[in-house]
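**Student:** Got a structure for you, questions after.
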Amino acid sequence: MDPQSIAVKRAQVEFHNFASLGEPERAIAAYLEENARRGAVIREHREFIGELSPFLEIGANAGHTSYMLANEFGASGFALDISADSLRHGIVLMDRWQLARAPVRLAGDALNLPFRDGSIRFVMACQVLSQFMDIERVFLEVKRVLAPGGVFLFAEEPMLRRLSLRLYRAPYVERMKRWERKLFDWGLLGYLVRDVIGADQEESFGIRQNHRMTLTGWNRLVTSHFPEHRYNVYVPERGWGERMMKRLAVRLDPYRSEWRAAHLLGGTLAATCKVGPRPLAPSPWPLSPGLPNPQPWEAFLRCPDCHSPLARDTAGTLLCESCTYHAADEGGVFNLLPSPLRAELYPGDRPDLIDFSRPGHTGRLRDGWYELEGVFGNKYRWIGARASAVLRPTGAGPHRLRVRGFAHPLQFQQGRPVVSVSANGRGVAAQTLERPGLFVIEADLPEAPEYIVEIAAGPTWTVADEDRTFSVNISMIRLIPG
């Protein structure tokens, strides 16, 4: 089983770039809530965890939890995410939150961590493991980099819910229809839906998610790799529908625990796992700024290609001591993905991709586009009734077209919107949108040296004091090899 395909990794890069700070105020508020939850788990098990430096956060997104570890807990370490852009966007958190310390920011792969064996004291991963079809492969890589006595804390991982008809995938709350919101508030929607509420948004980007793990499955995986562990089980109890079932399940459990409730209603799991029985020696990395540093941070790293040590030159570039691998400081982030994966996920400006967050996209636009709007990884252009662009494949063979856009609630006041896509004058897709918000349209294309892509959408709508006519906005158009 492939733990995570190239296509899914590409989708992760796109999604994290898009979602990390695409709506800054909303994202920052969510990051504060997440840090409060995660900080509470660390404090509860602080004595069991012990030394926090050096830490590694896997799947750090904008790095907000790593900033918490560095500033609130005084730890030193690394924030790693497959999206270099999301880590760069997250640098604004230092100004927003008036932070004095920052983690070292690395783009990297959880299946090939760019760290030496036994080099890390504390590894943290939140909402990460369920992105892999073979979760044990991540466990093995985490164990490799953990020092004896080190701790792996994973949190906010979904547990399979048994009591559900699994009829459909429900969107996030803000995109729910009125009847869905009512059922959600009453605690009844979970009995109808498949997977985690809101999972459809990540799935629409092409991210495959592993929501098959029960609490028993998680426990089996943890106990097979870590001799000591502590669990925090969070069973949903929204509305009377879930509260009543949870109370009944706890009452029927012979130990009055929430495990039976977790099997029935699912929820999320946090596990604090310790590897090896030996106590830790004092950290080689100082906990406070200004102390002499006996070991530079690059001493914890290894080359993702040949696994040899890395060193920094006078320009700050990371260089492998054995092969030609190198990684420059790019806006505060070092890209330490293996060379083939880095070339695939970060190809630079290319003719088969229109990413509105990148300045080079304008040369591939034709008619019908308004000016660029948005921030960070969520930049877009509105269109009127139609717009066109040109894409050129970088390889032979058929391709799949992928269009990502957004429909405003005002458009739905005129009726249910329809978005149609044609390529080289031939219609290839038409989608009736069910609800406002993000949409993704995909279509198979025959082989051609060039594709003139036209997007048509209706009904159109207007805004007072505006002379423009709008339909939808588009944030990405790309070709994917078939």
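Identifiers in this document derive from the order of the structure tokens: chains are assigned A, B, ..., residues are numbered from 1 separately in each chain, and ligands are numbered from 1 in order of occurrence.
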Fewer than 5 positions away in the same chain doesn't count, so skip those; otherwise give me all residues within 12 Å of Asp195 in chain A, counting only C-alpha atoms, as an MDAnalysis selection string.

**Tutor:** chainID A and resid 130 158:171 189:190 200:203 208:213 265:267

**Student:** Residues of range 105-277 of chain A classed as strand (DSSP E) by DSSP on the backbone are to be reported as a ChimeraX atom specification.

**Tutor:** /A:105-107,120-126,146-159,228-234,267-274

**Student:** Generate the output file for the selected residues, N, CA, C and O atoms, as a compact mmCIF listing (two decimals), in the first residue's frame.

**Tutor:**
# COMPACT_ATOMS: atom_id res chain seq x y z
N ARG A 105 11.87 26.63 10.32
CA ARG A 105 10.77 26.22 9.44
C ARG A 105 11.32 25.42 8.27
O ARG A 105 12.17 25.90 7.50
N LEU A 106 10.80 24.19 8.09
CA LEU A 106 11.28 23.28 7.06
C LEU A 106 10.12 22.72 6.26
O LEU A 106 9.11 22.29 6.84
N ALA A 107 10.24 22.71 4.94
CA ALA A 107 9.33 21.92 4.11
C ALA A 107 9.89 20.51 4.05
O ALA A 107 11.08 20.31 3.76
N ILE A 120 15.66 13.82 18.07
CA ILE A 120 14.57 14.68 18.52
C ILE A 120 13.99 14.15 19.83
O ILE A 120 13.78 12.96 20.01
N ARG A 121 13.69 15.08 20.75
CA ARG A 121 13.15 14.69 22.05
C ARG A 121 11.63 14.62 22.08
O ARG A 121 11.05 13.83 22.81
N PHE A 122 10.97 15.49 21.30
CA PHE A 122 9.51 15.58 21.36
C PHE A 122 8.98 15.81 19.95
O PHE A 122 9.34 16.79 19.29
N VAL A 123 8.14 14.90 19.48
CA VAL A 123 7.51 15.01 18.16
C VAL A 123 6.01 15.19 18.37
O VAL A 123 5.39 14.47 19.16
N MET A 124 5.44 16.17 17.66
CA MET A 124 4.01 16.45 17.79
C MET A 124 3.39 16.46 16.40
O MET A 124 3.99 16.96 15.44
N ALA A 125 2.19 15.90 16.27
CA ALA A 125 1.47 15.89 15.00
C ALA A 125 -0.01 16.00 15.30
O ALA A 125 -0.56 15.18 16.05
N CYS A 126 -0.66 17.00 14.75
CA CYS A 126 -2.08 17.23 14.98
C CYS A 126 -2.83 17.23 13.66
O CYS A 126 -2.44 17.94 12.73
N LEU A 146 13.19 9.82 17.07
CA LEU A 146 13.07 10.08 18.51
C LEU A 146 14.30 9.58 19.27
O LEU A 146 14.79 8.47 19.02
N ALA A 147 14.76 10.39 20.19
CA ALA A 147 15.83 9.98 21.10
C ALA A 147 15.28 8.97 22.11
O ALA A 147 14.06 8.92 22.35
N PRO A 148 16.13 8.14 22.72
CA PRO A 148 15.65 7.23 23.77
C PRO A 148 14.93 8.01 24.86
O PRO A 148 15.41 9.02 25.35
N GLY A 149 13.74 7.55 25.21
CA GLY A 149 12.93 8.26 26.20
C GLY A 149 12.13 9.40 25.62
O GLY A 149 11.41 10.09 26.36
N GLY A 150 12.25 9.64 24.31
CA GLY A 150 11.52 10.73 23.68
C GLY A 150 10.04 10.43 23.58
O GLY A 150 9.58 9.30 23.77
N VAL A 151 9.26 11.45 23.27
CA VAL A 151 7.80 11.36 23.30
C VAL A 151 7.20 11.79 21.97
O VAL A 151 7.64 12.78 21.36
N PHE A 152 6.21 11.02 21.53
CA PHE A 152 5.42 11.35 20.34
C PHE A 152 4.01 11.66 20.80
O PHE A 152 3.33 10.81 21.38
N LEU A 153 3.56 12.89 20.57
CA LEU A 153 2.20 13.29 20.91
C LEU A 153 1.44 13.54 19.61
O LEU A 153 1.80 14.43 18.85
N PHE A 154 0.42 12.72 19.35
CA PHE A 154 -0.45 13.02 18.22
C PHE A 154 -1.84 13.33 18.75
O PHE A 154 -2.27 12.79 19.77
N ALA A 155 -2.54 14.24 18.08
CA ALA A 155 -3.82 14.73 18.60
C ALA A 155 -4.78 15.03 17.47
O ALA A 155 -4.39 15.18 16.31
N GLU A 156 -6.06 15.10 17.85
CA GLU A 156 -7.14 15.47 16.94
C GLU A 156 -7.24 14.51 15.76
O GLU A 156 -7.52 14.92 14.63
N GLU A 157 -7.00 13.23 16.04
CA GLU A 157 -7.13 12.20 15.01
C GLU A 157 -8.50 11.53 15.14
O GLU A 157 -8.93 11.17 16.23
N PRO A 158 -9.22 11.37 14.03
CA PRO A 158 -10.59 10.87 14.09
C PRO A 158 -10.66 9.39 14.43
O PRO A 158 -9.82 8.59 14.02
N MET A 159 -11.71 9.04 15.19
CA MET A 159 -12.04 7.65 15.47
C MET A 159 -13.31 7.30 14.71
O MET A 159 -14.26 8.09 14.68
N GLU A 228 4.98 2.95 26.72
CA GLU A 228 4.20 3.78 27.65
C GLU A 228 3.36 4.76 26.85
O GLU A 228 3.82 5.33 25.85
N HIS A 229 2.15 5.01 27.31
CA HIS A 229 1.29 5.93 26.60
C HIS A 229 0.19 6.46 27.53
O HIS A 229 -0.14 5.83 28.54
N ARG A 230 -0.34 7.61 27.18
CA ARG A 230 -1.47 8.22 27.87
C ARG A 230 -2.47 8.66 26.80
O ARG A 230 -2.08 9.24 25.79
N TYR A 231 -3.75 8.41 27.02
CA TYR A 231 -4.78 8.76 26.05
C TYR A 231 -5.69 9.88 26.56
O TYR A 231 -5.98 9.97 27.75
N ASN A 232 -6.14 10.71 25.64
CA ASN A 232 -7.25 11.63 25.86
C ASN A 232 -8.28 11.35 24.78
O ASN A 232 -7.99 11.55 23.59
N VAL A 233 -9.45 10.88 25.19
CA VAL A 233 -10.52 10.53 24.25
C VAL A 233 -11.59 11.61 24.31
O VAL A 233 -12.09 11.95 25.39
N TYR A 234 -11.93 12.17 23.16
CA TYR A 234 -12.92 13.24 23.09
C TYR A 234 -14.11 12.75 22.26
O TYR A 234 -14.05 12.65 21.04
N GLY A 267 -15.38 10.50 17.41
CA GLY A 267 -14.73 11.62 18.09
C GLY A 267 -13.29 11.71 17.68
O GLY A 267 -12.90 11.28 16.58
N THR A 268 -12.47 12.25 18.55
CA THR A 268 -11.04 12.37 18.25
C THR A 268 -10.21 11.83 19.40
O THR A 268 -10.66 11.77 20.55
N LEU A 269 -8.96 11.48 19.07
CA LEU A 269 -8.04 10.89 20.04
C LEU A 269 -6.76 11.70 20.10
O LEU A 269 -6.24 12.14 19.07
N ALA A 270 -6.27 11.92 21.30
CA ALA A 270 -4.92 12.43 21.53
C ALA A 270 -4.16 11.36 22.30
O ALA A 270 -4.67 10.81 23.27
N ALA A 271 -2.94 11.05 21.87
CA ALA A 271 -2.13 10.03 22.53
C ALA A 271 -0.73 10.59 22.77
O ALA A 271 -0.12 11.15 21.86
N THR A 272 -0.25 10.44 23.98
CA THR A 272 1.10 10.86 24.35
C THR A 272 1.90 9.59 24.59
O THR A 272 1.64 8.85 25.54
N CYS A 273 2.86 9.31 23.72
CA CYS A 273 3.52 8.00 23.66
C CYS A 273 5.02 8.16 23.90
O CYS A 273 5.67 9.01 23.27
N LYS A 274 5.57 7.32 24.74
CA LYS A 274 7.00 7.41 25.06
C LYS A 274 7.73 6.17 24.53
O LYS A 274 7.28 5.04 24.69

**Student:** Mind giving me the straight-line distance from CA of Phe139 in chain A to CA of His225 in chain A in Å, one decimal?

**Tutor:** 7.7 Å

**Student:** Which is closest to Val92 in chain A among A:Thr216, A:Thr362, A:Gln295, A:Ser20, if we use only C-alpha atoms?

**Tutor:**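 That would be A:Ser20, the residue with the smallest distance to Val92 in chain A.
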
**Student:** Show me, as a PyMOL selection string, the residues that have an atom within 8 Å of Gly108 in chain A when counting only C-alpha atoms, minus same-chain residues fewer than 4 positions from it.

**Tutor:** chain A and resi 80-83+112-114+335-337

**Student:** Can those selected residues be exported to a file as a PDB file, in the first residue's frame so that it contains all heavy atoms?

**Tutor:**
ATOM      1  N   LEU A  80       7.626  21.575  10.619  1.00  0.00           N
ATOM      2  CA  LEU A  80       7.769  20.932   9.313  1.00  0.00           C
ATOM      3  C   LEU A  80       6.409  20.744   8.673  1.00  0.00           C
ATOM      4  O   LEU A  80       5.471  20.264   9.313  1.00  0.00           O
ATOM      5  CB  LEU A  80       8.476  19.588   9.461  1.00  0.00           C
ATOM      6  CG  LEU A  80       8.722  18.786   8.186  1.00  0.00           C
ATOM      7  CD1 LEU A  80      10.115  18.137   8.197  1.00  0.00           C
ATOM      8  CD2 LEU A  80       7.644  17.709   7.994  1.00  0.00           C
ATOM      9  N   ASP A  81       6.297  21.128   7.414  1.00  0.00           N
ATOM     10  CA  ASP A  81       5.076  20.900   6.655  1.00  0.00           C
ATOM     11  C   ASP A  81       5.458  20.659   5.199  1.00  0.00           C
ATOM     12  O   ASP A  81       6.513  21.133   4.744  1.00  0.00           O
ATOM     13  CB  ASP A  81       4.142  22.110   6.749  1.00  0.00           C
ATOM     14  CG  ASP A  81       2.718  21.780   6.298  1.00  0.00           C
ATOM     15  OD1 ASP A  81       2.443  21.850   5.083  1.00  0.00           O
ATOM     16  OD2 ASP A  81       1.901  21.435   7.158  1.00  0.00           O
ATOM     17  N   ILE A  82       4.631  19.930   4.470  1.00  0.00           N
ATOM     18  CA  ILE A  82       4.935  19.674   3.072  1.00  0.00           C
ATOM     19  C   ILE A  82       4.755  20.929   2.230  1.00  0.00           C
ATOM     20  O   ILE A  82       5.290  21.038   1.134  1.00  0.00           O
ATOM     21  CB  ILE A  82       4.079  18.515   2.538  1.00  0.00           C
ATOM     22  CG1 ILE A  82       4.702  17.934   1.267  1.00  0.00           C
ATOM     23  CG2 ILE A  82       2.634  18.951   2.323  1.00  0.00           C
ATOM     24  CD1 ILE A  82       4.146  16.603   0.859  1.00  0.00           C
ATOM     25  N   SER A  83       4.015  21.925   2.766  1.00  0.00           N
ATOM     26  CA  SER A  83       3.809  23.188   2.064  1.00  0.00           C
ATOM     27  C   SER A  83       4.746  24.262   2.596  1.00  0.00           C
ATOM     28  O   SER A  83       4.570  24.745   3.719  1.00  0.00           O
ATOM     29  CB  SER A  83       2.356  23.649   2.215  1.00  0.00           C
ATOM     30  OG  SER A  83       2.202  24.969   1.725  1.00  0.00           O
ATOM     31  N   ASN A 112       9.786  10.743   5.120  1.00  0.00           N
ATOM     32  CA  ASN A 112      11.243  10.836   4.936  1.00  0.00           C
ATOM     33  C   ASN A 112      11.719  12.073   5.683  1.00  0.00           C
ATOM     34  O   ASN A 112      12.130  13.065   5.070  1.00  0.00           O
ATOM     35  CB  ASN A 112      11.592  10.904   3.451  1.00  0.00           C
ATOM     36  CG  ASN A 112      13.089  10.848   3.203  1.00  0.00           C
ATOM     37  OD1 ASN A 112      13.906  10.802   4.134  1.00  0.00           O
ATOM     38  ND2 ASN A 112      13.481  10.881   1.944  1.00  0.00           N
ATOM     39  N   LEU A 113      11.645  12.017   6.993  1.00  0.00           N
ATOM     40  CA  LEU A 113      11.982  13.185   7.814  1.00  0.00           C
ATOM     41  C   LEU A 113      13.471  13.521   7.675  1.00  0.00           C
ATOM     42  O   LEU A 113      14.318  12.631   7.801  1.00  0.00           O
ATOM     43  CB  LEU A 113      11.650  12.913   9.281  1.00  0.00           C
ATOM     44  CG  LEU A 113      10.157  12.722   9.599  1.00  0.00           C
ATOM     45  CD1 LEU A 113       9.970  12.263  11.037  1.00  0.00           C
ATOM     46  CD2 LEU A 113       9.375  14.007   9.336  1.00  0.00           C
ATOM     47  N   PRO A 114      13.794  14.786   7.442  1.00  0.00           N
ATOM     48  CA  PRO A 114      15.200  15.165   7.230  1.00  0.00           C
ATOM     49  C   PRO A 114      15.963  15.338   8.538  1.00  0.00           C
ATOM     50  O   PRO A 114      16.633  16.357   8.751  1.00  0.00           O
ATOM     51  CB  PRO A 114      15.079  16.479   6.456  1.00  0.00           C
ATOM     52  CG  PRO A 114      13.819  17.090   6.976  1.00  0.00           C
ATOM     53  CD  PRO A 114      12.883  15.935   7.248  1.00  0.00           C
ATOM     54  N   ASN A 335      13.544  24.206   2.092  1.00  0.00           N
ATOM     55  CA  ASN A 335      12.818  23.099   1.480  1.00  0.00           C
ATOM     56  C   ASN A 335      13.692  21.858   1.492  1.00  0.00           C
ATOM     57  O   ASN A 335      14.630  21.729   0.707  1.00  0.00           O
ATOM     58  CB  ASN A 335      12.414  23.445   0.043  1.00  0.00           C
ATOM     59  CG  ASN A 335      11.389  22.477  -0.515  1.00  0.00           C
ATOM     60  OD1 ASN A 335      11.416  21.285  -0.216  1.00  0.00           O
ATOM     61  ND2 ASN A 335      10.482  22.978  -1.336  1.00  0.00           N
ATOM     62  N   LEU A 336      13.375  20.919   2.406  1.00  0.00           N
ATOM     63  CA  LEU A 336      14.161  19.704   2.573  1.00  0.00           C
ATOM     64  C   LEU A 336      13.395  18.457   2.129  1.00  0.00           C
ATOM     65  O   LEU A 336      13.538  17.381   2.718  1.00  0.00           O
ATOM     66  CB  LEU A 336      14.607  19.556   4.036  1.00  0.00           C
ATOM     67  CG  LEU A 336      15.649  20.585   4.509  1.00  0.00           C
ATOM     68  CD1 LEU A 336      16.058  20.307   5.953  1.00  0.00           C
ATOM     69  CD2 LEU A 336      16.872  20.586   3.623  1.00  0.00           C
ATOM     70  N   LEU A 337      12.624  18.598   1.076  1.00  0.00           N
ATOM     71  CA  LEU A 337      12.023  17.434   0.441  1.00  0.00           C
ATOM     72  C   LEU A 337      13.070  16.702  -0.379  1.00  0.00           C
ATOM     73  O   LEU A 337      14.017  17.330  -0.878  1.00  0.00           O
ATOM     74  CB  LEU A 337      10.869  17.855  -0.469  1.00  0.00           C
ATOM     75  CG  LEU A 337       9.597  18.337   0.239  1.00  0.00           C
ATOM     76  CD1 LEU A 337       8.682  19.041  -0.752  1.00  0.00           C
ATOM     77  CD2 LEU A 337       8.868  17.162   0.885  1.00  0.00           C
TER      78      LEU A 337
END

**Student:** Using only C-alpha atoms, which protein or nucleic acid residues come within 8 Å of range 22-29 of chain A? Drop anything in the same chain fewer than 3 positions from it, and give the result as a PyMOL selection string.

**Tutor:** chain A and resi 17-19+32-33+374-379

**Student:** Taking into account only C-alpha atoms, which residue in the set A:Leu248, A:Leu221, A:Ala40, A:Ala62 is nearest to Ile135 in chain A?

**Tutor:** A:Leu221
